[in-house]
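J.: Following this message is one structure expressed as structure tokens.
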Amino acid sequence: MSYLFSHIASVLDAESRISNDITIEHLLTDSRKLYAPANSLFFALKGPRRDGQQFIVDLYTKGVKNFVVTDKIYADRFPDANFIFVDDAQMALQQLAAYHRRQFHYPVIGITGSNGKTIVKEWLYQLLHQDYNIVRSPKSYNSQIGVPLSVWQMNEHHTLGIFEAGISEQGEMLRLEKIIQPTFGILTNIGEAHSEGFVDAGHKFREKIALFRNCKTIIGRDIDFETGRETVEMMGNDIELLTWGPAGSNDFVVSDISKEERKTIIRLQGQHFEIPFTDDASIENAITCCCVLLHLKISAETIRNRMMKLHAVNMRLEMKKGINHCIIINDSYSTDLSSLEIALNFLDQQGAGTKKTVILSDFLQSNIPDEELYSLIADSLKSHHISRLVGIGEKISRYASGMDRQIQVELFESTDSFLKQFRSSRFREEAILVKGARFFSFEQIVSLLEQKVHQTVLEINLNAIAHNLKEYQKLLKPFTKVMAMVKAFAYGSGGAEIAGVLQFHKVDYLGVAYADEGVELRRSGITIPIMVMNPDENAFESIIENNLEPEIYSFDLLKSFDKFLQQEGMEHYPVHIEIETGMNRLGFTAEEMDELADHLLSTSSFRVQSVFSHLTASEEKEQDSFTLNQFKLFDEASKKLQRRIGYSFLSHISNSAAVIRHPQLQLDMVRLGIGLYGVDSAGSNKLQLQTVATLKSTVAQIKHLKKGESVSYNRRGVVERDSVIATVRLGYADGYPRRLGNGVGKVWVNGKLATVIGTVCMDMFMIDVTDIPGLNEGDNVIIFGKELSVQQVAEWAGTIPYEIMTGVSQRVKRVYFEE
């Protein structure tokens with residue numbers, strides 16, 4: 001469904017200037033996710049640090065001519081564009097989405113809760129798509145911006161809507177309710193997640209339940225309504241509250257839950273339903289879905305058949321290293337236009353500067369006519385500059401053959417047909433998105449394309465990097481820039497991949513240790529400024545060829561680089577000056593500022609981009625006086641240098657810990673390092689940082705030893721009782737320190753800590769799992785991650801998190817994912 005621009009202005013009851021009354025089909029809030037400029041309406045949202053209006057010029061050059069803004073000054077600059085003027089662009093977006101929702105009168109399910117919202121939504125889609133044409137939230141689009149973008153997808157072809165809503169503070173749910181306008185409500189649970197913005201559990205319940213104030217029916221677990229039943233009753237006598245649980249007073253009685261090796265049998269309302277999961281969260285989500293289907297009068301036999309076929313919801317896009325220097329993005333579990341756009345944006349982010357291939361199956365269960373559907377797919381691929389499409393399936397083969405000639409098209413009737421003709425040599429040095437409906441079993445294709453390494457992996461959560469960046473930005477003044485440190489292979493997490501995320505989220509600078517790290521980033525498509533902190537004469541040529549900006553820390557280096565630039569005929573090359581204030585590592589002293597200024601003024605080779613210093617102990621309270629003295633020395637020296645050379649530059653001294661503990665030291669820019677990776681070096685607990693890296697391996701073998709038997713080299717580990725010992729596929733060659741052996745270190749296995757026994761070997765170590773029942777060969781072992789923090793592992797090893805993270809060997813496979 002689409003609207004004329006003039007109609008949207010009328011809906012918003014806002015002043016407008018219309019040059020050409022264009023039909024609007026797409027709403028855009030993120031300039032990086034543009035794919036249909038001619039019919040897109042950009043809402044220039046204002047955040048705590050960025051104003052969306054600053055991207056109007058860039059969007060206009062890319063073909064966008066329709067804008068919702070708060071300032072009229074842009075209208076004069078672009079006379080042939082259309083503008084709507086509002087007080088708040090986000091409220092305008094929500095108002096438009098609410099109007100769009102009112103045009104449709106089919107049932108809409110609204111889902112909220114602390115956990116499980118997305119799983120329940122996706123499972124309901126799996127269970128009901130044969131009965132309804134369903135429109136649903138893409139991924140976990142449940143925020144103040146995600147919900148209106150989700151609801152905008154509704155059209156006259158659908159017969160059921162399923163939307164999730166998440167909130168983090170008071171008052172947000174009332175705005176989402178006006179947009180979703182659910183007729184049927186599902187409460188997944190009220191847990192501890194996202195509780196920061198609420199007084200207590202009762203307050204959070206009242207805020208969440210506001211989504212259902214106009215619903216006819218609400219379904220949820222009995223214990224979640226124990227403290228809030230009165231609140232529901234006060235919302236209106238017409239609301240039907242249906243609860244499930246073990247008590248006979250529930251509308252849906254769960255009389256038994258029986259877990260077996262690979263399945264769970266649930267006895268609900270006198271019927272047996274089987275699901276292919278055994279974890280408690282999946283069981284709870286499945287019961288919720290089962291109750292919904294029973295309420296919708298789906299027969300027990302049909303429910304039983306469908307519940308057995310439920311499959312896990314992959315909540316993340318995974319990126320892996322592929323054959324022949326490719327990167328593989330695995331999204332081989334769903335096909336719809338919304339998730340395709342999300343996946344293509346991720347491909348853009350991680351495949352910048354490389355050839356891009358998309359392996360795509362038929363789109364199943366789409367309510368859009370095939371010809372129109374595949375035309376939209378073709379437009380999306382073209383707008384994302386895809387080089388090659390590999391289409392698999394009868395429908396995509398029929399409609400993709402006439403695609404734009406700029407895209408190389410290869411078509412196969414089935415996955416088997418593709419596999420039979422597969423040649424690894426045809427995929428080389430490119431970024432490959434593999435996206436298909438589950439029916440097509442694209443995991444077989446991923447397996448062929450993936451680089452084969454051993455079972456130890458370092459999983460990198462790219463969402464967590466972006467989240468942690470935003471957490472620190474909350475503490476920064478609007479004008480303070482961010483330099484993100486990606487030295488040492490981004491603290492072991494993967495330089496180019498992490499840099500791609502940081503560039504996507506518009507950090508101002510990147511910092512690397514050596515020139516070759518910067519060169520690698522440039523080759524990977526990173527275009528933002530990069531500072532090299534340890535340049536040497538042998539790297540000068542690489543530095544200027546790749547537009548890297550060196551740190552200058554001594555007169556010898558200054559003179560050498562000056563001479564090189566003069567030989568190359570280059571002037572005003574960007575450099576960064578380090579001032580020594582107490583680290584006593586590198587840098588000019590404060591007393592050398594006059595001499596430094598004289599050298600800078602005597603040549604036209606340089607343009608000073610920034611002047612900075614390193615804090616020695618900003619995380620330690622007992623060193624605060626030293627830290628503040630460092631700042632005083634730096635401030636005086638940098639101001640003196642600026643006066644002498646006669647122009648301004650960026651000043652920066654704050655690191656991750658100082659951003660939290662010394663906000664007055666922000667200056668023009670801050671340098672974020674270990675904090676971006678989820679480690680609060682200040683130990684402040686002021687930020688809700690997320691774990692970025694999870695190092696995991698698997699159990700290779702399980703042995704049963706008798707009391708007195710020994711484990712590993714030199715018989716250092718001797719069991720004091722009959723014991724069960726598991727061998728883990730990880731050793732000191734992978735970066736697991738030998739000093740964690742002999743009972744010092746622990747790992748996380750099946751929800752418990754297991755102690756390392758004996759000496760850590762080159763490629764493996766052993767753990768005592770005597771008190772951990774149910775462990776099998778091949779089961780996962782968490783070395784560090786969310787369950788077991790890298791800080792704790794570092795403490796056991798007598799070191800710091802930096803060393804543990806950077807010590808993970810390059811032979812350990814990195815798997816990148818975006819949830």
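Letters for chains follow the order of the structure tokens (A, B, ...), residue numbers begin at 1 for each chain, and ligand numbers begin at 1 in the order shown.
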Find the residues around A:Ala247 up to 12 Å (only C-alpha atoms counted), leave out those fewer than 2 positions away in its own chain, and share them as a list in words.
T.: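 Residues meeting the cut-off are Arg221, Asp222, Ile223, Thr243, Trp244, Gly245, Ser249, Asn250, Asp251, Phe252, Val253, Val254, Ser255, Asp256, Leu268 and Gln269 of chain A.
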J.: Once you have the residues from the selection above, write them out as a PDB file, in the first residue's frame, restricted to N, CA, C and O atoms.
T.:
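Output saved as result_17.pdb:
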ATOM      1  N   ARG A 221       1.333 -16.987  30.934  1.00  0.00           N
ATOM      2  CA  ARG A 221       1.588 -17.953  32.001  1.00  0.00           C
ATOM      3  C   ARG A 221       0.975 -17.459  33.300  1.00  0.00           C
ATOM      4  O   ARG A 221       1.018 -16.257  33.600  1.00  0.00           O
ATOM      5  N   ASP A 222       0.435 -18.374  34.122  1.00  0.00           N
ATOM      6  CA  ASP A 222      -0.276 -17.961  35.330  1.00  0.00           C
ATOM      7  C   ASP A 222       0.579 -17.141  36.282  1.00  0.00           C
ATOM      8  O   ASP A 222       0.143 -16.111  36.804  1.00  0.00           O
ATOM      9  N   ILE A 223       1.855 -17.556  36.488  1.00  0.00           N
ATOM     10  CA  ILE A 223       2.664 -16.860  37.489  1.00  0.00           C
ATOM     11  C   ILE A 223       3.000 -15.434  37.057  1.00  0.00           C
ATOM     12  O   ILE A 223       3.314 -14.586  37.895  1.00  0.00           O
ATOM     13  N   THR A 243      -4.997 -18.033  31.022  1.00  0.00           N
ATOM     14  CA  THR A 243      -3.684 -18.371  31.568  1.00  0.00           C
ATOM     15  C   THR A 243      -3.410 -19.865  31.417  1.00  0.00           C
ATOM     16  O   THR A 243      -4.323 -20.684  31.307  1.00  0.00           O
ATOM     17  N   TRP A 244      -2.094 -20.183  31.408  1.00  0.00           N
ATOM     18  CA  TRP A 244      -1.696 -21.585  31.396  1.00  0.00           C
ATOM     19  C   TRP A 244      -0.742 -21.853  32.551  1.00  0.00           C
ATOM     20  O   TRP A 244      -0.047 -20.955  33.024  1.00  0.00           O
ATOM     21  N   GLY A 245      -0.736 -23.099  33.010  1.00  0.00           N
ATOM     22  CA  GLY A 245       0.129 -23.491  34.114  1.00  0.00           C
ATOM     23  C   GLY A 245      -0.336 -24.815  34.687  1.00  0.00           C
ATOM     24  O   GLY A 245      -1.309 -25.413  34.203  1.00  0.00           O
ATOM     25  N   SER A 249      -6.930 -24.365  38.104  1.00  0.00           N
ATOM     26  CA  SER A 249      -7.706 -23.143  37.903  1.00  0.00           C
ATOM     27  C   SER A 249      -7.364 -22.439  36.588  1.00  0.00           C
ATOM     28  O   SER A 249      -8.044 -21.493  36.198  1.00  0.00           O
ATOM     29  N   ASN A 250      -6.319 -22.877  35.904  1.00  0.00           N
ATOM     30  CA  ASN A 250      -5.922 -22.242  34.644  1.00  0.00           C
ATOM     31  C   ASN A 250      -6.861 -22.650  33.516  1.00  0.00           C
ATOM     32  O   ASN A 250      -7.489 -23.710  33.544  1.00  0.00           O
ATOM     33  N   ASP A 251      -6.916 -21.786  32.511  1.00  0.00           N
ATOM     34  CA  ASP A 251      -7.722 -22.085  31.324  1.00  0.00           C
ATOM     35  C   ASP A 251      -7.081 -23.187  30.491  1.00  0.00           C
ATOM     36  O   ASP A 251      -7.775 -23.946  29.807  1.00  0.00           O
ATOM     37  N   PHE A 252      -5.740 -23.233  30.505  1.00  0.00           N
ATOM     38  CA  PHE A 252      -5.003 -24.296  29.827  1.00  0.00           C
ATOM     39  C   PHE A 252      -4.111 -24.969  30.873  1.00  0.00           C
ATOM     40  O   PHE A 252      -3.161 -24.350  31.367  1.00  0.00           O
ATOM     41  N   VAL A 253      -4.429 -26.200  31.209  1.00  0.00           N
ATOM     42  CA  VAL A 253      -3.734 -26.890  32.299  1.00  0.00           C
ATOM     43  C   VAL A 253      -2.601 -27.736  31.730  1.00  0.00           C
ATOM     44  O   VAL A 253      -2.815 -28.590  30.864  1.00  0.00           O
ATOM     45  N   VAL A 254      -1.379 -27.462  32.225  1.00  0.00           N
ATOM     46  CA  VAL A 254      -0.203 -28.250  31.851  1.00  0.00           C
ATOM     47  C   VAL A 254      -0.031 -29.306  32.931  1.00  0.00           C
ATOM     48  O   VAL A 254       0.445 -29.020  34.029  1.00  0.00           O
ATOM     49  N   SER A 255      -0.417 -30.540  32.605  1.00  0.00           N
ATOM     50  CA  SER A 255      -0.412 -31.579  33.635  1.00  0.00           C
ATOM     51  C   SER A 255       0.905 -32.345  33.710  1.00  0.00           C
ATOM     52  O   SER A 255       1.201 -32.973  34.731  1.00  0.00           O
ATOM     53  N   ASP A 256       1.712 -32.280  32.623  1.00  0.00           N
ATOM     54  CA  ASP A 256       2.974 -33.013  32.678  1.00  0.00           C
ATOM     55  C   ASP A 256       3.918 -32.501  31.597  1.00  0.00           C
ATOM     56  O   ASP A 256       3.488 -32.151  30.491  1.00  0.00           O
ATOM     57  N   LEU A 268      -1.062 -31.150  27.685  1.00  0.00           N
ATOM     58  CA  LEU A 268      -1.784 -29.876  27.819  1.00  0.00           C
ATOM     59  C   LEU A 268      -3.242 -30.101  27.450  1.00  0.00           C
ATOM     60  O   LEU A 268      -3.545 -30.614  26.356  1.00  0.00           O
ATOM     61  N   GLN A 269      -4.134 -29.743  28.360  1.00  0.00           N
ATOM     62  CA  GLN A 269      -5.575 -29.893  28.127  1.00  0.00           C
ATOM     63  C   GLN A 269      -5.940 -31.327  27.729  1.00  0.00           C
ATOM     64  O   GLN A 269      -6.768 -31.559  26.854  1.00  0.00           O
TER      65      GLN A 269
END
J.: Pick out the residues sitting within 9 Å of stretch 734-739 of chain A, and hand them over as a list of chain:residue names; count only C-alpha atoms, and ignore anything fewer than 6 positions along from it in its own chain.
T.: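 In the requested format, the answer is A:Thr456, A:Gly745, A:Thr759, A:Val760, A:Cys761, A:Met762, A:Asp763, A:Met764, A:Ile783, A:Trp796, A:Ala797, A:Gly798, A:Ile804, A:Met805, A:Thr806, A:Gly807, A:Val808, A:Ser809, A:Gln810, A:Arg811, A:Val812.
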J.: Selected residues, C-alpha atoms, written as an mmCIF file, in the first residue's frame, please.
T.:
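Now in result-v4.cif:
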data_model
loop_
_atom_site.group_PDB
_atom_site.id
_atom_site.type_symbol
_atom_site.label_atom_id
_atom_site.label_comp_id
_atom_site.auth_asym_id
_atom_site.auth_seq_id
_atom_site.Cartn_x
_atom_site.Cartn_y
_atom_site.Cartn_z
ATOM 1 C CA THR A 456 37.327 -24.295 18.480
ATOM 2 C CA GLY A 745 41.542 -22.404 35.587
ATOM 3 C CA THR A 759 49.115 -29.561 32.486
ATOM 4 C CA VAL A 760 47.674 -27.597 29.550
ATOM 5 C CA CYS A 761 48.966 -29.210 26.325
ATOM 6 C CA MET A 762 49.744 -27.548 23.009
ATOM 7 C CA ASP A 763 46.414 -28.471 21.382
ATOM 8 C CA MET A 764 44.193 -29.628 24.235
ATOM 9 C CA ILE A 783 36.322 -20.843 27.715
ATOM 10 C CA TRP A 796 42.780 -16.835 37.436
ATOM 11 C CA ALA A 797 45.695 -16.530 35.001
ATOM 12 C CA GLY A 798 47.217 -13.635 36.947
ATOM 13 C CA ILE A 804 43.672 -13.178 27.193
ATOM 14 C CA MET A 805 41.735 -11.668 24.291
ATOM 15 C CA THR A 806 44.712 -10.760 22.118
ATOM 16 C CA GLY A 807 46.314 -14.114 22.833
ATOM 17 C CA VAL A 808 43.656 -16.127 20.995
ATOM 18 C CA SER A 809 45.549 -17.708 18.091
ATOM 19 C CA GLN A 810 44.774 -16.859 14.490
ATOM 20 C CA ARG A 811 44.256 -20.560 13.859
ATOM 21 C CA VAL A 812 41.069 -20.294 15.919
#
J.: Could you pull out all residues of stretch 588-746 of chain A with a DSSP call of strand (DSSP E or B) and give them as number ranges by chain?
T.: A: 588, 606-612, 650-654, 669-672, 693-705, 710-711, 717-718, 723-728, 746
J.: The selected residues should be written to file as a short mmCIF file (atom, residue, chain, number, x, y, z; two decimals), in the first residue's frame (atoms: N, CA and C atoms).
T.:
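Saved as result_0.cif:
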data_model
loop_
_atom_site.label_atom_id
_atom_site.label_comp_id
_atom_site.auth_asym_id
_atom_site.auth_seq_id
_atom_site.Cartn_x
_atom_site.Cartn_y
_atom_site.Cartn_z
N PHE A 588 56.64 13.59 22.71
CA PHE A 588 57.40 14.80 22.99
C PHE A 588 57.08 15.28 24.40
N PHE A 606 53.41 19.06 6.75
CA PHE A 606 52.45 18.50 7.69
C PHE A 606 51.23 19.39 7.90
N ARG A 607 50.14 18.70 8.28
CA ARG A 607 48.97 19.35 8.86
C ARG A 607 48.63 18.54 10.12
N VAL A 608 48.73 19.17 11.28
CA VAL A 608 48.47 18.46 12.54
C VAL A 608 46.97 18.24 12.68
N GLN A 609 46.57 16.98 12.66
CA GLN A 609 45.15 16.64 12.81
C GLN A 609 44.73 16.58 14.27
N SER A 610 45.63 16.02 15.10
CA SER A 610 45.31 15.93 16.51
C SER A 610 46.57 15.90 17.34
N VAL A 611 46.43 16.27 18.59
CA VAL A 611 47.49 16.17 19.59
C VAL A 611 46.90 15.40 20.77
N PHE A 612 47.65 14.43 21.28
CA PHE A 612 47.07 13.55 22.30
C PHE A 612 48.13 13.08 23.27
N LEU A 650 42.43 18.67 16.84
CA LEU A 650 41.71 17.89 17.86
C LEU A 650 42.64 17.57 19.02
N SER A 651 42.12 17.64 20.22
CA SER A 651 42.87 17.25 21.41
C SER A 651 42.17 16.07 22.06
N HIS A 652 42.96 15.05 22.46
CA HIS A 652 42.33 13.89 23.12
C HIS A 652 43.31 13.21 24.07
N ILE A 653 42.76 12.81 25.20
CA ILE A 653 43.55 12.11 26.22
C ILE A 653 42.76 10.99 26.88
N SER A 654 41.43 11.02 26.81
CA SER A 654 40.59 10.05 27.52
C SER A 654 40.58 8.70 26.83
N MET A 669 37.90 14.68 21.49
CA MET A 669 37.75 13.29 21.07
C MET A 669 38.15 12.38 22.21
N VAL A 670 37.59 11.16 22.24
CA VAL A 670 38.00 10.13 23.19
C VAL A 670 38.43 8.90 22.40
N ARG A 671 39.26 8.08 23.02
CA ARG A 671 39.71 6.85 22.38
C ARG A 671 39.12 5.66 23.14
N LEU A 672 38.27 4.91 22.47
CA LEU A 672 37.62 3.75 23.09
C LEU A 672 38.34 2.48 22.66
N ALA A 693 32.92 -11.18 22.72
CA ALA A 693 33.62 -12.38 22.27
C ALA A 693 33.33 -13.57 23.17
N THR A 694 33.05 -14.71 22.54
CA THR A 694 32.87 -15.97 23.26
C THR A 694 33.81 -16.99 22.64
N LEU A 695 34.75 -17.46 23.42
CA LEU A 695 35.66 -18.51 22.97
C LEU A 695 35.10 -19.85 23.43
N LYS A 696 34.83 -20.72 22.46
CA LYS A 696 34.25 -22.01 22.81
C LYS A 696 34.94 -23.13 22.05
N SER A 697 34.93 -24.30 22.64
CA SER A 697 35.47 -25.49 22.00
C SER A 697 34.51 -26.64 22.26
N THR A 698 34.95 -27.84 22.01
CA THR A 698 34.09 -29.00 22.24
C THR A 698 34.86 -30.11 22.96
N VAL A 699 34.12 -31.03 23.52
CA VAL A 699 34.71 -32.19 24.20
C VAL A 699 35.11 -33.22 23.15
N ALA A 700 36.40 -33.58 23.13
CA ALA A 700 36.89 -34.56 22.17
C ALA A 700 36.67 -35.98 22.67
N GLN A 701 36.87 -36.20 23.97
CA GLN A 701 36.74 -37.55 24.51
C GLN A 701 36.46 -37.48 26.01
N ILE A 702 35.77 -38.50 26.52
CA ILE A 702 35.49 -38.59 27.96
C ILE A 702 36.11 -39.90 28.47
N LYS A 703 36.86 -39.79 29.57
CA LYS A 703 37.52 -40.96 30.15
C LYS A 703 37.09 -41.14 31.61
N HIS A 704 37.00 -42.39 32.04
CA HIS A 704 36.67 -42.71 33.43
C HIS A 704 37.94 -43.24 34.11
N LEU A 705 38.44 -42.48 35.09
CA LEU A 705 39.70 -42.85 35.77
C LEU A 705 39.45 -43.34 37.19
N SER A 710 46.75 -40.56 36.89
CA SER A 710 47.20 -39.20 36.61
C SER A 710 46.72 -38.74 35.23
N VAL A 711 46.79 -37.41 35.05
CA VAL A 711 46.31 -36.77 33.82
C VAL A 711 47.39 -35.85 33.28
N GLY A 717 48.56 -33.85 37.39
CA GLY A 717 47.17 -33.97 37.83
C GLY A 717 46.87 -35.40 38.24
N VAL A 718 46.60 -35.61 39.51
CA VAL A 718 46.29 -36.95 40.03
C VAL A 718 44.90 -36.90 40.65
N SER A 723 37.03 -40.71 38.93
CA SER A 723 36.67 -39.44 38.29
C SER A 723 36.33 -39.61 36.81
N VAL A 724 35.60 -38.62 36.30
CA VAL A 724 35.31 -38.53 34.86
C VAL A 724 36.08 -37.33 34.33
N ILE A 725 36.90 -37.57 33.32
CA ILE A 725 37.77 -36.53 32.77
C ILE A 725 37.40 -36.31 31.30
N ALA A 726 37.23 -35.05 30.90
CA ALA A 726 36.92 -34.72 29.51
C ALA A 726 38.10 -33.97 28.90
N THR A 727 38.43 -34.32 27.66
CA THR A 727 39.48 -33.64 26.92
C THR A 727 38.87 -32.59 26.02
N VAL A 728 39.39 -31.36 26.11
CA VAL A 728 38.87 -30.21 25.35
C VAL A 728 39.81 -29.90 24.20
N LYS A 746 39.19 -22.65 35.15
CA LYS A 746 37.91 -23.35 35.06
C LYS A 746 37.26 -22.99 33.73
#
J.: One decimal, in Å: what's the spacing between atom CA of A:Ser2 and atom CA of A:Ile24?
T.: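 Here the two named atoms are 5.6 Å from each other.
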J.: Could you go through stretch 624-798 of chain A and tell me which residues DSSP, when run on the backbone, assigns to helix (DSSP H, G or I), listing them as a PyMOL selection string?
T.: chain A and resi 624-645+656-661+663-665+674-677+713-715+732-734+738-740+790-797
J.: What does the file look like for those residues with C-alpha atoms, as a JSON list (two decimals), in the first residue's frame?
T.:
[["chain", "number", "residue", "atom", "x", "y", "z"],
["A", 624, "ASP", "CA", 43.39, 10.18, 40.36],
["A", 625, "SER", "CA", 45.73, 12.96, 41.38],
["A", 626, "PHE", "CA", 48.35, 11.64, 38.97],
["A", 627, "THR", "CA", 45.72, 11.39, 36.22],
["A", 628, "LEU", "CA", 44.59, 14.96, 36.74],
["A", 629, "ASN", "CA", 48.19, 16.15, 36.74],
["A", 630, "GLN", "CA", 48.70, 14.34, 33.42],
["A", 631, "PHE", "CA", 45.74, 16.23, 32.03],
["A", 632, "LYS", "CA", 47.11, 19.55, 33.34],
["A", 633, "LEU", "CA", 50.48, 18.95, 31.68],
["A", 634, "PHE", "CA", 48.80, 17.91, 28.43],
["A", 635, "ASP", "CA", 46.35, 20.80, 28.38],
["A", 636, "GLU", "CA", 49.11, 23.37, 28.87],
["A", 637, "ALA", "CA", 51.39, 21.78, 26.28],
["A", 638, "SER", "CA", 48.71, 21.30, 23.60],
["A", 639, "LYS", "CA", 47.43, 24.86, 24.00],
["A", 640, "LYS", "CA", 50.95, 26.21, 23.74],
["A", 641, "LEU", "CA", 51.55, 24.23, 20.55],
["A", 642, "GLN", "CA", 48.29, 25.46, 19.07],
["A", 643, "ARG", "CA", 49.18, 29.07, 19.81],
["A", 644, "ARG", "CA", 52.57, 28.65, 18.19],
["A", 645, "ILE", "CA", 51.51, 26.93, 14.96],
["A", 656, "SER", "CA", 37.58, 3.92, 27.96],
["A", 657, "ALA", "CA", 38.04, 4.15, 31.73],
["A", 658, "ALA", "CA", 38.45, 7.94, 31.70],
["A", 659, "VAL", "CA", 35.18, 8.38, 29.79],
["A", 660, "ILE", "CA", 33.44, 6.89, 32.82],
["A", 661, "ARG", "CA", 35.59, 8.13, 35.69],
["A", 663, "PRO", "CA", 34.10, 12.99, 32.15],
["A", 664, "GLN", "CA", 35.75, 16.43, 32.37],
["A", 665, "LEU", "CA", 38.66, 15.12, 30.27],
["A", 674, "ILE", "CA", 38.73, -2.51, 25.57],
["A", 675, "GLY", "CA", 35.39, -0.99, 26.60],
["A", 676, "LEU", "CA", 34.01, -1.52, 23.11],
["A", 677, "TYR", "CA", 34.62, -5.23, 23.57],
["A", 713, "TYR", "CA", 52.31, -34.42, 31.15],
["A", 714, "ASN", "CA", 54.57, -34.97, 34.17],
["A", 715, "ARG", "CA", 51.68, -36.54, 36.13],
["A", 732, "TYR", "CA", 48.31, -23.13, 24.58],
["A", 733, "ALA", "CA", 48.92, -22.93, 20.80],
["A", 734, "ASP", "CA", 45.35, -21.59, 20.57],
["A", 738, "ARG", "CA", 49.58, -22.92, 30.49],
["A", 739, "ARG", "CA", 49.35, -21.20, 33.86],
["A", 740, "LEU", "CA", 45.63, -22.10, 33.94],
["A", 790, "VAL", "CA", 37.14, -12.90, 30.33],
["A", 791, "GLN", "CA", 37.90, -10.77, 33.40],
["A", 792, "GLN", "CA", 37.49, -13.85, 35.62],
["A", 793, "VAL", "CA", 39.67, -15.99, 33.36],
["A", 794, "ALA", "CA", 42.34, -13.26, 33.36],
["A", 795, "GLU", "CA", 42.22, -13.08, 37.16],
["A", 796, "TRP", "CA", 42.78, -16.83, 37.44],
["A", 797, "ALA", "CA", 45.70, -16.53, 35.00]]
J.: Pick out the residues sitting within 9 Å of A:His26, and hand them over as a list in words; count only C-alpha atoms, and ignore anything fewer than 5 positions along from it in its own chain.
T.: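 So the residues in contact are Ser2, Ala36, Pro37, Asn39, Ser40, Leu41, Phe42 and Trp152 of chain A.
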J.: Considering only C-alpha atoms, return as a ChimeraX atom specification whatever protein or nucleic-acid residues lie within 8 Å of A:Ala378, sequence-local ones (same chain, fewer than 2 positions apart) excluded.
T.: /A:374-376,380-382,400,403-404
J.: For the selection just defined, write its residues with N, CA and C atoms to a file, as a PDB file, in the first residue's frame.
T.:
ATOM      1  N   TYR A 374       9.498 -10.828  -7.540  1.00  0.00           N
ATOM      2  CA  TYR A 374      10.866 -10.988  -8.041  1.00  0.00           C
ATOM      3  C   TYR A 374      11.381  -9.718  -8.707  1.00  0.00           C
ATOM      4  N   SER A 375      10.467  -8.855  -9.121  1.00  0.00           N
ATOM      5  CA  SER A 375      10.886  -7.537  -9.587  1.00  0.00           C
ATOM      6  C   SER A 375      11.418  -6.699  -8.426  1.00  0.00           C
ATOM      7  N   LEU A 376      10.749  -6.785  -7.270  1.00  0.00           N
ATOM      8  CA  LEU A 376      11.218  -6.075  -6.078  1.00  0.00           C
ATOM      9  C   LEU A 376      12.563  -6.626  -5.612  1.00  0.00           C
ATOM     10  N   SER A 380      16.122  -4.580  -5.344  1.00  0.00           N
ATOM     11  CA  SER A 380      16.905  -4.536  -4.111  1.00  0.00           C
ATOM     12  C   SER A 380      18.339  -4.981  -4.361  1.00  0.00           C
ATOM     13  N   LEU A 381      18.525  -6.047  -5.127  1.00  0.00           N
ATOM     14  CA  LEU A 381      19.874  -6.522  -5.440  1.00  0.00           C
ATOM     15  C   LEU A 381      20.657  -5.467  -6.214  1.00  0.00           C
ATOM     16  N   LYS A 382      19.990  -4.816  -7.144  1.00  0.00           N
ATOM     17  CA  LYS A 382      20.653  -3.781  -7.945  1.00  0.00           C
ATOM     18  C   LYS A 382      21.067  -2.604  -7.071  1.00  0.00           C
ATOM     19  N   ALA A 400      14.062 -14.485 -12.726  1.00  0.00           N
ATOM     20  CA  ALA A 400      15.341 -13.772 -12.610  1.00  0.00           C
ATOM     21  C   ALA A 400      16.139 -13.782 -13.898  1.00  0.00           C
ATOM     22  N   MET A 403      16.903 -10.387 -15.482  1.00  0.00           N
ATOM     23  CA  MET A 403      17.372  -9.362 -14.552  1.00  0.00           C
ATOM     24  C   MET A 403      18.364  -8.420 -15.212  1.00  0.00           C
ATOM     25  N   ASP A 404      18.542  -7.283 -14.583  1.00  0.00           N
ATOM     26  CA  ASP A 404      19.463  -6.262 -15.079  1.00  0.00           C
ATOM     27  C   ASP A 404      20.805  -6.867 -15.470  1.00  0.00           C
TER      28      ASP A 404
END
J.: Write out as a PyMOL selection string the residues lying within 8 Å of stretch 257-265 of chain A, counting only C-alpha atoms and excluding same-chain residues fewer than 4 positions away.
T.: chain A and resi 272-278+283
J.: So, counting only C-alpha atoms, which residue among A:Gly751, A:Ile287, A:Phe784, A:Ile757 is closest to A:Ile772?
T.: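 Selected residue with least distance to A:Ile772: A:Gly751.
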J.: Please list as a ChimeraX atom specification every residue within 9 Å of stretch 174-181 of chain A, counting only C-alpha atoms and excluding residues in the same chain fewer than 3 positions away.
T.: /A:91,94-102,108-110,142-144,147-148,151,163-167,171,207-208,210-215
J.: Considering only C-alpha atoms, return as a ChimeraX atom specification whatever protein or nucleic-acid residues lie within 10 Å of A:Lys216, sequence-local ones (same chain, fewer than 3 positions apart) excluded.
T.: /A:182-185,212-213,236-241
J.: Which one is closest to A:Val692: A:Thr357, A:Asn463, A:Thr188, A:Thr61? Count only C-alpha atoms.
T.: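 Closest candidate: A:Asn463.
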J.: In terms of the shortest atom-to-atom distance over only C-alpha atoms, which of A:Gln130, A:Leu149, A:Lys477, A:Leu586 is closest to A:Leu28?
T.: A:Leu149
